[in-house]
$ cat run_24.cif   # mmCIF, C-alpha atoms
data_protein
loop_
_atom_site.label_atom_id
_atom_site.label_comp_id
_atom_site.auth_asym_id
_atom_site.auth_seq_id
_atom_site.Cartn_x
_atom_site.Cartn_y
_atom_site.Cartn_z
CA MET X 1 -22.17 7.81 -0.30
CA ALA X 2 -19.06 8.27 1.81
CA ASN X 3 -16.38 5.57 1.76
CA PRO X 4 -13.66 4.92 4.33
CA GLN X 5 -10.25 6.03 3.11
CA PHE X 6 -7.22 3.87 3.87
CA ASP X 7 -3.70 4.69 2.80
CA PHE X 8 -1.57 1.56 3.01
CA TYR X 9 1.57 3.67 2.62
CA ASP X 10 0.72 6.25 5.26
CA LYS X 11 3.38 8.97 5.51
CA THR X 12 2.81 9.74 9.21
CA THR X 13 5.89 7.79 10.23
CA LEU X 14 8.01 9.69 7.73
CA LYS X 15 6.82 13.00 9.12
CA SER X 16 7.69 11.88 12.64
CA TYR X 17 11.33 11.82 11.61
CA ASN X 18 11.19 15.43 10.42
CA LEU X 19 12.61 14.50 7.05
CA ASP X 20 10.83 17.22 5.11
CA ALA X 21 13.69 19.73 5.05
CA THR X 22 16.22 17.10 4.01
CA MET X 23 13.98 15.54 1.40
CA ARG X 24 12.75 18.76 -0.21
CA TYR X 25 15.69 18.97 -2.60
CA GLN X 26 15.93 15.32 -3.60
CA LEU X 27 12.16 15.07 -4.03
CA THR X 28 12.44 17.61 -6.83
CA MET X 29 14.67 15.06 -8.56
CA LEU X 30 11.78 12.61 -8.55
CA ASP X 31 9.70 15.03 -10.63
CA ASN X 32 11.63 13.86 -13.68
CA LEU X 33 10.64 10.23 -13.17
CA ASP X 34 7.62 8.63 -14.81
CA PRO X 35 4.54 8.76 -12.52
CA PHE X 36 4.65 5.06 -11.63
CA THR X 37 8.33 5.12 -10.65
CA ARG X 38 7.82 8.24 -8.56
CA VAL X 39 4.94 6.66 -6.61
CA HIS X 40 6.95 3.45 -6.28
CA SER X 41 9.89 5.42 -4.87
CA GLU X 42 7.64 7.10 -2.32
CA ASN X 43 6.09 3.76 -1.37
CA VAL X 44 9.46 2.09 -0.91
CA ALA X 45 10.69 4.99 1.24
CA SER X 46 7.64 4.72 3.47
CA ILE X 47 8.04 0.96 3.87
CA VAL X 48 11.78 1.31 4.53
CA CYS X 49 11.13 3.90 7.23
CA ARG X 50 8.78 1.54 9.03
CA LEU X 51 11.05 -1.46 8.56
CA CYS X 52 13.85 0.48 10.22
CA GLU X 53 11.61 1.12 13.19
CA TYR X 54 10.87 -2.58 13.61
CA LEU X 55 14.59 -3.26 13.25
CA HIS X 56 15.24 -0.78 16.09
CA CYS X 57 17.58 1.32 13.99
CA ARG X 58 18.84 4.67 15.26
CA LYS X 59 16.92 7.74 14.21
CA ASN X 60 19.77 9.16 12.13
CA PHE X 61 20.13 5.90 10.25
CA ILE X 62 16.37 5.77 9.63
CA SER X 63 16.53 9.23 8.08
CA TYR X 64 19.52 8.27 5.96
CA CYS X 65 18.04 4.95 4.86
CA THR X 66 14.69 6.53 3.98
CA ILE X 67 16.32 9.11 1.74
CA CYS X 68 18.38 6.37 0.07
CA ALA X 69 15.08 4.60 -0.59
CA TYR X 70 13.53 7.71 -2.14
CA LEU X 71 16.49 7.89 -4.50
CA HIS X 72 16.92 4.17 -5.20
CA ASP X 73 15.37 4.30 -8.70
CA ILE X 74 16.47 7.81 -9.65
CA GLY X 75 18.56 6.39 -12.50
CA LYS X 76 15.40 5.22 -14.27
CA MET X 77 14.81 8.70 -15.59
CA PHE X 78 17.42 7.80 -18.22
CA ILE X 79 15.95 4.41 -19.11
CA PRO X 80 13.95 4.56 -22.39
CA LEU X 81 10.22 4.66 -21.69
CA LYS X 82 9.59 1.89 -24.22
CA ILE X 83 11.60 -0.37 -21.91
CA LEU X 84 10.49 1.12 -18.60
CA ASN X 85 6.78 0.86 -19.49
CA LYS X 86 6.87 -2.31 -21.56
CA PRO X 87 3.92 -4.51 -20.50
CA GLU X 88 5.51 -7.76 -21.70
CA ARG X 89 8.53 -9.50 -20.24
CA LEU X 90 11.75 -7.73 -21.12
CA THR X 91 14.14 -9.36 -23.54
CA ASP X 92 17.63 -10.17 -22.25
CA SER X 93 19.10 -7.12 -23.98
CA GLU X 94 16.33 -4.86 -22.64
CA TYR X 95 16.87 -6.24 -19.16
CA GLU X 96 20.57 -5.41 -19.39
CA ILE X 97 19.61 -1.83 -20.23
CA MET X 98 17.15 -1.77 -17.32
CA LYS X 99 19.89 -2.91 -14.94
CA THR X 100 22.01 0.12 -15.77
CA HIS X 101 19.69 2.34 -13.71
CA THR X 102 21.71 1.34 -10.64
CA LEU X 103 24.99 2.74 -11.96
CA ILE X 104 23.27 5.74 -13.55
CA GLY X 105 21.63 6.58 -10.22
CA TYR X 106 24.94 6.13 -8.41
CA LYS X 107 26.71 8.53 -10.78
CA MET X 108 23.91 11.08 -10.49
CA CYS X 109 24.28 11.11 -6.73
CA MET X 110 28.07 11.20 -6.79
CA ASP X 111 27.97 14.16 -9.18
CA ASP X 112 25.73 16.14 -6.82
CA LEU X 113 27.16 17.16 -3.45
CA LYS X 114 23.70 17.19 -1.85
CA LEU X 115 22.96 13.65 -2.99
CA ARG X 116 26.42 12.12 -2.67
CA PRO X 117 25.88 10.77 0.88
CA TYR X 118 23.02 8.60 -0.43
CA ALA X 119 24.76 7.19 -3.52
CA LEU X 120 24.94 3.59 -2.29
CA GLY X 121 21.13 3.34 -2.14
CA PRO X 122 20.70 3.60 -5.92
CA LYS X 123 23.79 1.50 -6.63
CA TYR X 124 23.32 -1.62 -4.54
CA HIS X 125 19.58 -2.09 -3.93
CA HIS X 126 19.48 -4.96 -6.46
CA GLU X 127 22.35 -6.89 -4.87
CA ALA X 128 21.41 -10.23 -3.28
CA LEU X 129 22.98 -11.94 -0.27
CA ASP X 130 23.84 -15.03 -2.34
CA GLY X 131 25.74 -12.95 -4.90
CA SER X 132 23.15 -13.31 -7.65
CA GLY X 133 22.32 -9.59 -7.78
CA TYR X 134 23.77 -6.66 -9.68
CA PRO X 135 25.70 -4.52 -10.56
CA ASP X 136 28.71 -5.99 -8.68
CA GLY X 137 27.47 -9.39 -7.48
CA LEU X 138 28.19 -8.54 -3.84
CA LYS X 139 27.56 -11.19 -1.18
CA GLY X 140 26.40 -11.12 2.43
CA ASN X 141 27.77 -8.30 4.51
CA GLN X 142 29.49 -6.81 1.48
CA ILE X 143 26.07 -5.34 0.72
CA PRO X 144 25.36 -2.16 2.74
CA TYR X 145 22.66 -2.72 5.36
CA GLU X 146 20.54 0.08 3.92
CA ASP X 147 20.45 -1.72 0.57
CA GLN X 148 19.47 -5.00 2.20
CA ILE X 149 16.49 -3.17 3.69
CA ILE X 150 15.63 -1.29 0.50
CA LYS X 151 15.74 -4.52 -1.55
CA VAL X 152 13.06 -6.14 0.60
CA ALA X 153 10.79 -3.08 0.41
CA ASP X 154 11.46 -2.66 -3.33
CA GLU X 155 10.52 -6.23 -4.25
CA TYR X 156 7.45 -6.13 -2.01
CA ASP X 157 6.06 -2.93 -3.54
CA ALA X 158 6.95 -4.02 -7.09
CA ILE X 159 4.64 -7.02 -6.73
CA VAL X 160 1.88 -5.26 -4.78
CA SER X 161 1.86 -2.40 -7.30
CA LYS X 162 2.03 -4.83 -10.27
CA ARG X 163 4.97 -3.13 -11.97
CA GLN X 164 5.16 -4.03 -15.66
CA TYR X 165 8.51 -5.82 -15.43
CA LYS X 166 7.63 -7.73 -12.28
CA THR X 167 8.15 -10.93 -14.28
CA HIS X 168 11.81 -10.58 -13.34
CA ILE X 169 10.90 -11.01 -9.68
CA HIS X 170 10.23 -14.61 -8.74
CA ILE X 171 6.86 -15.39 -7.15
CA SER X 172 6.93 -18.92 -5.74
CA GLU X 173 4.08 -21.41 -5.97
CA THR X 174 3.61 -21.77 -2.21
CA LEU X 175 0.34 -19.82 -2.18
CA LYS X 176 -1.35 -22.43 -4.36
CA LEU X 177 -1.20 -24.72 -1.35
CA LEU X 178 -2.75 -22.10 0.90
CA ILE X 179 -5.53 -20.51 -1.13
CA LYS X 180 -7.63 -21.73 -4.03
CA ASP X 181 -8.01 -18.41 -5.79
CA ALA X 182 -6.28 -18.51 -9.17
CA GLN X 183 -5.27 -14.86 -8.68
CA PRO X 184 -3.69 -14.66 -5.20
CA ASN X 185 -3.77 -11.45 -3.23
CA PRO X 186 -0.76 -9.37 -4.36
CA LYS X 187 0.10 -8.46 -0.76
CA THR X 188 0.31 -12.10 0.29
CA ALA X 189 2.04 -13.13 -2.92
CA ALA X 190 4.66 -10.46 -2.28
CA LEU X 191 5.26 -11.76 1.24
CA ASP X 192 5.48 -15.30 -0.08
CA ASN X 193 8.08 -14.06 -2.54
CA ALA X 194 10.03 -12.44 0.31
CA ALA X 195 9.93 -15.62 2.37
CA GLN X 196 11.15 -17.56 -0.64
CA GLY X 197 13.94 -15.00 -1.02
CA VAL X 198 15.10 -15.79 2.51
CA ARG X 199 14.97 -19.54 1.95
CA ILE X 200 17.16 -19.39 -1.15
CA GLY X 201 19.56 -16.96 0.50
CA ARG X 202 18.78 -13.76 -1.43
CA LEU X 203 17.11 -11.61 1.23
CA ASN X 204 17.94 -10.66 4.81
CA LYS X 205 15.84 -12.83 7.13
CA LYS X 206 15.62 -10.21 9.88
CA VAL X 207 14.39 -7.56 7.44
CA VAL X 208 11.79 -9.88 5.91
CA ARG X 209 10.47 -10.76 9.36
CA ALA X 210 10.08 -7.03 10.01
CA LEU X 211 8.19 -6.72 6.71
CA PHE X 212 5.72 -9.38 7.84
CA LYS X 213 5.10 -7.42 11.04
CA VAL X 214 4.57 -4.19 9.10
CA VAL X 215 2.07 -5.78 6.73
CA ILE X 216 0.16 -7.51 9.53
CA GLN X 217 -0.01 -4.25 11.46
CA ASP X 218 -1.27 -2.41 8.37
CA THR X 219 -3.87 -5.10 7.73
CA GLU X 220 -5.07 -4.85 11.32
CA TYR X 221 -5.28 -1.08 10.92
CA GLU X 222 -7.26 -1.52 7.71
CA ILE X 223 -9.64 -3.83 9.59
CA SER X 224 -10.13 -1.19 12.28
CA CYS X 225 -10.90 1.42 9.59
CA VAL X 226 -13.50 -0.81 7.95
CA ILE X 227 -15.05 -1.72 11.30
CA GLY X 228 -15.31 1.97 12.11
CA TYR X 229 -17.13 2.47 8.83
CA LEU X 230 -19.42 -0.45 9.66
CA ASP X 231 -20.51 1.41 12.79
CA PHE X 232 -21.28 4.46 10.65
CA LEU X 233 -23.31 2.33 8.22
CA LYS X 234 -25.32 0.77 11.04
CA GLU X 235 -26.18 4.22 12.40
CA GLN X 236 -27.32 5.41 8.99
CA ILE X 237 -29.39 2.27 8.40
CA LYS X 238 -31.05 2.70 11.80
CA ARG X 239 -31.87 6.34 10.99
CA LEU X 240 -33.26 5.52 7.54
CA GLU X 241 -35.31 2.62 8.88
CA THR X 242 -36.87 5.07 11.36
CA ILE X 243 -37.69 7.34 8.43
CA ASP X 244 -39.24 4.38 6.64
CA ARG X 245 -41.40 3.56 9.65
CA TYR X 246 -42.58 7.16 9.74
CA HIS X 247 -43.38 6.85 6.04
CA GLN X 248 -45.45 3.72 6.59
CA LYS X 249 -47.39 5.41 9.41
CA MET X 250 -47.89 8.50 7.27
CA MET X 251 -49.34 6.36 4.50
CA GLN X 252 -51.78 4.81 6.99
CA ALA X 253 -52.74 8.10 8.65
CA THR X 254 -56.21 9.46 7.97
CA SER X 255 -55.94 12.98 9.37
CA GLU X 256 -53.98 15.86 7.89
CA HIS X 257 -52.49 16.52 11.32
CA LYS X 258 -51.01 13.01 11.54
CA ILE X 259 -49.77 13.12 7.94
CA SER X 260 -48.00 16.43 8.59
CA TYR X 261 -46.58 15.12 11.89
CA TYR X 262 -44.92 12.07 10.31
CA LYS X 263 -43.84 13.99 7.23
CA GLU X 264 -42.08 16.59 9.38
CA GLY X 265 -40.46 13.79 11.41
CA MET X 266 -39.06 12.30 8.21
CA ARG X 267 -37.80 15.69 7.05
CA MET X 268 -35.96 16.24 10.34
CA LEU X 269 -34.16 12.90 10.00
CA PHE X 270 -33.06 13.40 6.40
CA SER X 271 -29.35 13.87 5.79
CA ASP X 272 -27.83 15.97 3.01
CA GLY X 273 -29.10 14.93 -0.41
CA GLU X 274 -31.86 12.68 0.92
CA THR X 275 -35.46 13.28 -0.11
CA PHE X 276 -38.85 11.65 0.22
CA GLU X 277 -38.30 10.21 -3.25
CA ASN X 278 -34.80 8.73 -2.85
CA TYR X 279 -34.36 7.75 0.82
CA GLN X 280 -35.36 4.12 0.18
CA ASN X 281 -32.69 3.80 -2.51
CA VAL X 282 -30.15 5.30 -0.11
CA LEU X 283 -31.23 2.81 2.55
CA GLU X 284 -30.68 -0.12 0.18
CA GLU X 285 -27.26 1.24 -0.80
CA TYR X 286 -26.24 1.43 2.84
CA LYS X 287 -27.46 -2.11 3.46
CA GLN X 288 -25.50 -3.41 0.49
CA ALA X 289 -22.43 -1.48 1.62
CA LEU X 290 -22.76 -3.08 5.05
CA VAL X 291 -22.77 -6.56 3.53
CA THR X 292 -19.79 -5.71 1.30
CA ARG X 293 -17.73 -4.29 4.16
CA LYS X 294 -18.47 -7.27 6.41
CA ILE X 295 -17.15 -9.54 3.67
CA MET X 296 -14.10 -7.27 3.39
CA VAL X 297 -13.38 -7.62 7.11
CA ASP X 298 -13.60 -11.40 6.86
CA GLN X 299 -11.23 -11.36 3.89
CA LEU X 300 -8.74 -9.19 5.76
CA TYR X 301 -8.80 -11.55 8.74
CA ASP X 302 -8.23 -14.42 6.31
CA GLU X 303 -5.25 -12.52 4.85
CA ILE X 304 -3.66 -12.33 8.29
CA LYS X 305 -4.20 -16.07 8.80
CA ILE X 306 -2.56 -16.81 5.44
CA ILE X 307 0.36 -14.48 6.18
CA LYS X 308 0.94 -16.19 9.53
CA LYS X 309 1.09 -19.57 7.76
CA LEU X 310 3.99 -18.38 5.65
CA ARG X 311 7.35 -19.31 7.11
CA VAL X 312 10.39 -17.04 7.04
#

$ encode --input "run_24.cif" --output "structure tokens"
Amino acid sequence: MANPQFDFYDKTTLKSYNLDATMRYQLTMLDNLDPFTRVHSENVASIVCRLCEYLHCRKNFISYCTICAYLHDIGKMFIPLKILNKPERLTDSEYEIMKTHTLIGYKMCMDDLKLRPYALGPKYHHEALDGSGYPDGLKGNQIPYEDQIIKVADEYDAIVSKRQYKTHIHISETLKLLIKDAQPNPKTAALDNAAQGVRIGRLNKKVVRALFKVVIQDTEYEISCVIGYLDFLKEQIKRLETIDRYHQKMMQATSEHKISYYKEGMRMLFSDGETFENYQNVLEEYKQALVTRKIMVDQLYDEIKIIKKLRV
């Protein structure tokens, strides 16, 4: 049975900035990263690109910032995998090793003429406005604007993607007051974390507000995709119910002519893979899928309501 496909990190926006030629070289650098870090880097770049749009940045800056985002974790290719992929919370000494990826990435870019313009992305994306970040403990406007944007996207995706060492990223308890589920939706938890980051002075308020808009827009798009699939399901259910009515009439028919008439009608309405023997099972699957997707739509609308309750 077909399922609607939804890519939360759609790359259409990236393509609109014609970044392919510029990114071709540095993307080859990502091949040396572990699979999770590579996907994370692509996700962060996509989010950063869209954040820049909401922040009304100039096109050249969007291109520059997006490439910085692609490269932000490039230094992790030299972090031991036993630390990078450790499922438990890192020890203090392991965390200090993990933090070196910023300076490693900076040096890698500075040593390569093609990557040198983007060196500040890897170096400063873990700095915080209140000076609590690393590697240099920069404060406020000392932190390049591109890194303030990348930091918001990085922390958001780290939580949504459930990175192993996410325990080093604070997730506040606010959601417990909003939803009863013991395992809150990662998307909403990540936004709650971002809002908390603004309140305690770590994250750029303007960038976080843009993130909320991006996530709400994506959720609305996801709703539209599911609703479109609901229409497809309803059409298939209607068609299969017609087949079932023909089947019932065929079973009640007494003449060979009538039996052949209804049987041919059923055959004409069958879709690929459907048979006289399995169409009822297919019908039940579609009905169950309809119920499931309706619940999904309700849940997505609830997500938007919860997101709008969060204060930045």

$ resolve_selection --input "run_24.cif" --expression "the PyMOL selection byres ((chain X and resi 74-78) around 8)" --output "number ranges by chain"
X: 29-30, 32-34, 37, 71-73, 79-80, 84, 98, 100-106, 108, 122

$ resolve_selection --input "run_24.cif" --expression "the PyMOL selection byres ((chain X and resi 136-149) around 7)" --output "list in words"
Val48, Cys65, Gly121, Tyr124, His125, Glu127, Ala128, Leu129, Asp130, Gly131, Ser132, Gly133, Tyr134, Pro135, Ile150, Lys151, Val152, Ala153, Asn204 and Val207 of chain X

$ resolve_selection --input "run_24.cif" --expression "the PyMOL selection byres ((chain X and resi 191) around 9)" --output "list in words"
Tyr156, Pro186, Lys187, Thr188, Ala189, Ala190, Asp192, Asn193, Ala194, Ala195, Gln196, Val208, Leu211, Phe212, Val215, Ile307 and Leu310 of chain X

$ atom_distance --input "run_24.cif" --atom1 "CA of Tyr246 in chain X" --atom2 "CA of Tyr262 in chain X"
5.5 Å

$ closest_residue --input "run_24.cif" --among "X:Ile237, X:Val198, X:Thr242, X:Asp154" --to "Asn281 in chain X" --atoms "all atoms listed in the file"
X:Ile237

$ closest_residue --input "run_24.cif" --among "X:Asp244, X:Glu53, X:Glu220, X:Asp92" --to "Gln280 in chain X" --atoms "only C-alpha atoms"
X:Asp244

$ residues_around --input "run_24.cif" --residues "Lys294 in chain X" --least-positions-apart "3" --cutoff "12 Å" --atoms "only C-alpha atoms" --output "PyMOL selection string"
chain X and resi 223-231+233-234+287-291+297-301

$ atom_distance --input "run_24.cif" --atom1 "CA of His257 in chain X" --atom2 "CA of Glu284 in chain X"
29.6 Å

$ closest_residue --input "run_24.cif" --among "X:Phe270, X:Tyr261, X:Phe36, X:Tyr95" --to "Arg239 in chain X" --atoms "all atoms listed in the file"
X:Phe270

$ atom_distance --input "run_24.cif" --atom1 "CA of Asp218 in chain X" --atom2 "CA of Val312 in chain X"
18.8 Å

$ closest_residue --input "run_24.cif" --among "X:Val44, X:Ile62, X:Thr28, X:Gly197" --to "Leu115 in chain X" --atoms "all atoms listed in the file"
X:Thr28

$ closest_residue --input "run_24.cif" --among "X:Ser93, X:Asn85, X:Phe232, X:Gln217" --to "Arg293 in chain X" --atoms "all atoms listed in the file"
X:Phe232
